[in-house]
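For reference, the structure is listed below as structure tokens.
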Amino acid sequence: MKREIRVGLCGCGVIGEGLVTALLDHADVITARAGAPIRLTAVADKDSARLDIVRGRDASVALLDDAFEVVKREDVDIVVELIGGVEVADRLVRAALDAKKHVVTANKALLAERGAALFELAEKNGCDLYFEAAVAGAIPVIRVIRESLAADHIRSVRGIINGTSNYILSSMANDGAAFADALKAAQEAGFAEADPTLDITGGDAGHKLALIAGLAFGARVLPKEIPTEGIDRVDPRDILYARKFGYVIRPLAVAERLQADALDLRVHPALVPEADPLAHVDGALNAVAIQGEMVGPSFLSGLGAGAHPTATSVAGDIVDIAKNALAGAPVRTWHLPSEGKLKIQPIGDLSSRYYLRFSVRDESGVLAALSGKLGDSGISIELMVQDVEAGDEGTATIAILTHHAREGDVRASLSAIDETHLTTAPTHLIRIVE
Ligand SMILES: NC(=O)c1ccc[n+]([C@@H]2O[C@H](COP(=O)([O-])OP(=O)(O)OC[C@H]3O[C@@H](n4cnc5c(N)ncnc54)[C@H](OP(=O)(O)O)[C@@H]3O)[C@@H](O)[C@H]2O)c1
């Protein structure tokens, strides 16, 4: 048997606890697959009670209250960063790499904001920096893009990569729940954070999409450069109208190569045709659809969060790094060589079909006036339904699906329409992705 590989864990919260369980309970299969024993030698968490998961199970594990103590230890070959956040995690990962230790992290915020410098440091110091759990939890999307599809040109990656948002939209669609109630249920079920802002505003998916764009296209993209909209403006009426038209609303992240030097990157709720596999990804599940030049379409689905699914990806990275270390071959490439600065298409230049929901006065001539104004801007209507609004006399809802149009033109037309007496509330737009 080869020498053992020693792991130090920083942060024993939700995922850290899952990792302890994986390393201790699945030691047999991990050892067999790594080709050497993988031993947990140190665990740190600010809260001593969180270390109870280790206490009494393995007395040889050092229990600490400061993550930086893990990095300093001689009996640690791989540092696992599961403390979350950006600033302290950045210092911690740097300290580990400076100490020539390999690193595994699940921290998408850290890598999306600081990844370029950290990967450079890892390479310089001959260390591996792995992050499978940072995108879509248990779904091996990093490994598939980086390794299985290494020979292909990737055309697009589309996915549901925020389970909380998908859970909320699914509850609204399946149970008729209002947004606030669906969010509360997600928090009670443990899917949403106490502060769910990053989930419901699309920020979390933006972090993950920045990483996907790096892997799939060699793009160096910061999350703030990605056009991002959350699901917080989706109204139960949108879900009902989408269904009438044969669509489901899903929280999507889209990365697509347009030309050699331009990408379409965006995060937003979208109408997806009922026949699309993404329409059937319900609840807290995640899914990623990859389109490659040679491979064609492929589809991955699974749990995108939660202790055990996410910890499985972290443990898989540990096994990979252990194998690299035992073979004396660390620093395998993490993304395509950077192609330089790729342009991100401004959202106003997007050509798409749109769902539009107008709140209008229930008067004759309104529909004709509305379609006339859209037509004047070159926007043609494909499908339309009109309903008198329940409980709101004198008001009607008109829901429309458009043919392809340039988003800037659609937005300009809607602004002009909303300034007239025709509408009684701002018009709502959701993109269609097919
Ligand atoms: N939860 C998921 O389903 C999921 C899925 C995919 C990826 N991730 C990522 O995985 C990482 C961990 O997430 P989590 O949900 O496990 O977070 P968590 O439950 O908040 O656990 C983090 C733990 O680290 C501790 N900690 C923070 N700073 C520390 C320090 N300097 N030294 C020692 N301990 C420290 C925290 O203590 P205090 O609470 O006292 O600060 C907490 O116990 C994050 O980057 C997250 O984005 C999570």
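Residues are referred to by chain and number: the chain letter is A, B, ... according to the order shown in the structure tokens, the number counts from 1 in that chain, and ligands are numbered separately from 1 in the order shown.
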Inset, instruction - Could you give me the residues within 8 Å of ligand 1, counting only C-alpha atoms and all ligand atoms, as a ChimeraX atom specification? - result: /A:10-17,44-47,50,64-68,81-85,88-89,105-110,133-137,191,304-307,310
Excluding same-chain residues fewer than 6 positions from Leu129 in chain A, what lies within 8 Å of it counting only C-alpha atoms, as an mmCIF file with N, CA and C atoms, in the first residue's frame?
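Output saved as around.cif:
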```
data_model
loop_
_atom_site.group_PDB
_atom_site.id
_atom_site.type_symbol
_atom_site.label_atom_id
_atom_site.label_comp_id
_atom_site.auth_asym_id
_atom_site.auth_seq_id
_atom_site.Cartn_x
_atom_site.Cartn_y
_atom_site.Cartn_z
ATOM 1 N N HIS A 102 -2.198 21.083 -1.362
ATOM 2 C CA HIS A 102 -3.286 21.068 -2.332
ATOM 3 C C HIS A 102 -4.560 21.547 -1.641
ATOM 4 N N VAL A 103 -5.495 22.066 -2.447
ATOM 5 C CA VAL A 103 -6.714 22.629 -1.864
ATOM 6 C C VAL A 103 -7.947 22.091 -2.589
ATOM 7 N N VAL A 104 -8.977 21.773 -1.820
ATOM 8 C CA VAL A 104 -10.315 21.511 -2.370
ATOM 9 C C VAL A 104 -11.250 22.532 -1.746
ATOM 10 N N THR A 105 -12.093 23.139 -2.573
ATOM 11 C CA THR A 105 -13.060 24.100 -2.051
ATOM 12 C C THR A 105 -14.399 23.915 -2.742
ATOM 13 N N PHE A 119 -5.742 30.299 -9.024
ATOM 14 C CA PHE A 119 -5.278 29.205 -9.889
ATOM 15 C C PHE A 119 -3.842 29.456 -10.347
ATOM 16 N N ALA A 122 -1.701 28.491 -7.455
ATOM 17 C CA ALA A 122 -1.648 27.029 -7.317
ATOM 18 C C ALA A 122 -0.666 26.440 -8.330
ATOM 19 N N VAL A 331 -1.139 19.427 -10.522
ATOM 20 C CA VAL A 331 -1.377 20.547 -11.434
ATOM 21 C C VAL A 331 -1.831 20.088 -12.808
#
```
Inset, instruction - Could you please write out, as a PyMOL selection string, every residue of range 263-340 of chain A that DSSP assigns to helix (DSSP H, G or I)? - result: chain A and resi 277-280+307-326
Grab the residues selected above and save them as a PDB file, in the first residue's frame with C-alpha atoms.
```
ATOM      1  CA  PRO A 277     -35.767  18.133 -20.333  1.00  0.00           C
ATOM      2  CA  LEU A 278     -35.080  21.230 -18.178  1.00  0.00           C
ATOM      3  CA  ALA A 279     -38.860  21.657 -17.745  1.00  0.00           C
ATOM      4  CA  HIS A 280     -38.952  18.328 -15.884  1.00  0.00           C
ATOM      5  CA  ALA A 307     -24.640  18.015   3.027  1.00  0.00           C
ATOM      6  CA  HIS A 308     -24.193  14.550   1.593  1.00  0.00           C
ATOM      7  CA  PRO A 309     -24.526  15.238  -2.162  1.00  0.00           C
ATOM      8  CA  THR A 310     -22.125  18.193  -1.990  1.00  0.00           C
ATOM      9  CA  ALA A 311     -19.684  16.393   0.299  1.00  0.00           C
ATOM     10  CA  THR A 312     -19.565  13.529  -2.213  1.00  0.00           C
ATOM     11  CA  SER A 313     -18.152  15.927  -4.804  1.00  0.00           C
ATOM     12  CA  VAL A 314     -15.630  17.304  -2.277  1.00  0.00           C
ATOM     13  CA  ALA A 315     -14.534  13.759  -1.385  1.00  0.00           C
ATOM     14  CA  GLY A 316     -14.251  12.875  -5.099  1.00  0.00           C
ATOM     15  CA  ASP A 317     -11.868  15.809  -5.543  1.00  0.00           C
ATOM     16  CA  ILE A 318      -9.805  14.605  -2.578  1.00  0.00           C
ATOM     17  CA  VAL A 319      -9.502  11.164  -4.193  1.00  0.00           C
ATOM     18  CA  ASP A 320      -8.442  12.750  -7.510  1.00  0.00           C
ATOM     19  CA  ILE A 321      -5.823  14.937  -5.859  1.00  0.00           C
ATOM     20  CA  ALA A 322      -4.552  11.969  -3.858  1.00  0.00           C
ATOM     21  CA  LYS A 323      -4.098  10.003  -7.067  1.00  0.00           C
ATOM     22  CA  ASN A 324      -2.264  12.934  -8.666  1.00  0.00           C
ATOM     23  CA  ALA A 325      -0.003  13.267  -5.633  1.00  0.00           C
ATOM     24  CA  LEU A 326       0.731   9.537  -5.486  1.00  0.00           C
TER      25      LEU A 326
END
```
Inset, instruction - Please identify all polymer residues within 10 Å of Asp409 in chain A, counting only C-alpha atoms, omitting same-chain residues fewer than 2 positions from it, and present them as a PyMOL selection string. - result: chain A and resi 348-351+374+377-379+405-407+411-415
Just list the residues in range 195-355 of chain A DSSP gives strand (DSSP E) on the backbone, as a PDB file with C-alpha atoms, in the first residue's frame.
```pdb
ATOM      1  CA  TYR A 247     -44.199  26.389 -21.053  1.00  0.00           C
ATOM      2  CA  VAL A 248     -42.732  26.053 -17.575  1.00  0.00           C
ATOM      3  CA  ILE A 249     -40.827  28.846 -15.808  1.00  0.00           C
ATOM      4  CA  ARG A 250     -37.375  27.764 -14.636  1.00  0.00           C
ATOM      5  CA  PRO A 251     -34.453  29.711 -13.121  1.00  0.00           C
ATOM      6  CA  LEU A 252     -31.895  29.432 -15.914  1.00  0.00           C
ATOM      7  CA  ALA A 253     -28.247  30.184 -16.397  1.00  0.00           C
ATOM      8  CA  VAL A 254     -27.162  30.346 -20.044  1.00  0.00           C
ATOM      9  CA  ALA A 255     -23.650  30.358 -21.501  1.00  0.00           C
ATOM     10  CA  GLU A 256     -23.350  30.230 -25.263  1.00  0.00           C
ATOM     11  CA  ARG A 257     -20.580  30.968 -27.718  1.00  0.00           C
ATOM     12  CA  LEU A 258     -21.821  33.423 -30.343  1.00  0.00           C
ATOM     13  CA  GLN A 259     -18.774  34.191 -32.476  1.00  0.00           C
ATOM     14  CA  ALA A 262     -18.230  36.806 -28.046  1.00  0.00           C
ATOM     15  CA  LEU A 263     -20.381  34.991 -25.509  1.00  0.00           C
ATOM     16  CA  ASP A 264     -24.017  35.141 -24.508  1.00  0.00           C
ATOM     17  CA  LEU A 265     -24.007  34.840 -20.707  1.00  0.00           C
ATOM     18  CA  ARG A 266     -27.107  35.464 -18.596  1.00  0.00           C
ATOM     19  CA  VAL A 267     -28.993  34.390 -15.506  1.00  0.00           C
ATOM     20  CA  HIS A 268     -32.760  34.892 -15.325  1.00  0.00           C
ATOM     21  CA  PRO A 269     -36.083  33.117 -14.984  1.00  0.00           C
ATOM     22  CA  ALA A 270     -37.137  31.784 -18.389  1.00  0.00           C
ATOM     23  CA  LEU A 271     -40.069  30.144 -20.109  1.00  0.00           C
ATOM     24  CA  VAL A 272     -38.897  26.675 -21.155  1.00  0.00           C
ATOM     25  CA  PRO A 273     -41.040  24.494 -23.482  1.00  0.00           C
ATOM     26  CA  LEU A 285     -32.918  19.441  -8.304  1.00  0.00           C
ATOM     27  CA  ASN A 286     -30.283  20.988 -10.527  1.00  0.00           C
ATOM     28  CA  ALA A 287     -29.541  20.136 -14.150  1.00  0.00           C
ATOM     29  CA  VAL A 288     -27.048  21.127 -16.793  1.00  0.00           C
ATOM     30  CA  ALA A 289     -27.530  20.687 -20.552  1.00  0.00           C
ATOM     31  CA  ILE A 290     -24.309  20.849 -22.549  1.00  0.00           C
ATOM     32  CA  GLN A 291     -24.176  21.160 -26.324  1.00  0.00           C
ATOM     33  CA  GLY A 292     -20.855  20.299 -27.923  1.00  0.00           C
ATOM     34  CA  GLY A 296     -24.118  16.911 -29.485  1.00  0.00           C
ATOM     35  CA  PRO A 297     -26.510  17.336 -26.580  1.00  0.00           C
ATOM     36  CA  SER A 298     -25.851  15.852 -23.157  1.00  0.00           C
ATOM     37  CA  PHE A 299     -27.800  16.292 -19.968  1.00  0.00           C
ATOM     38  CA  LEU A 300     -26.784  15.932 -16.330  1.00  0.00           C
ATOM     39  CA  SER A 301     -29.185  16.139 -13.410  1.00  0.00           C
ATOM     40  CA  GLY A 302     -28.976  15.639  -9.659  1.00  0.00           C
ATOM     41  CA  LEU A 303     -28.903  17.310  -6.285  1.00  0.00           C
ATOM     42  CA  LYS A 343     -16.900  40.005 -25.134  1.00  0.00           C
ATOM     43  CA  ILE A 344     -20.169  39.417 -23.347  1.00  0.00           C
ATOM     44  CA  SER A 351     -32.411  38.140 -30.039  1.00  0.00           C
ATOM     45  CA  SER A 352     -35.067  36.079 -28.303  1.00  0.00           C
ATOM     46  CA  ARG A 353     -38.748  35.322 -28.097  1.00  0.00           C
ATOM     47  CA  TYR A 354     -40.475  36.956 -25.127  1.00  0.00           C
ATOM     48  CA  TYR A 355     -43.421  36.454 -22.825  1.00  0.00           C
TER      49      TYR A 355
END
```
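We find CA of Ser364 in chain A and CA of Ile400 in chain A to be spaced 17.7 Å apart.
CA of Glu293 in chain A to CA of Ser148 in chain A spans 13.6 Å [interatomic distance, one decimal].
Counting only C-alpha atoms and comparing A:Pro196, A:Gly218, A:Gly159, A:Gly365, the residue that lies closest to Val433 in chain A is A:Gly159.
Ranking A:Ala216, A:Leu63, A:Ala425, A:Ala27 by their shortest atom-to-atom distance to Glu147 in chain A, with only C-alpha atoms included, puts A:Ala216 first.
If only C-alpha atoms are the atoms counted, then among A:Ala186, A:Val281, A:Val295, A:Ala112 the closest residue to Ser171 in chain A is A:Ala186.
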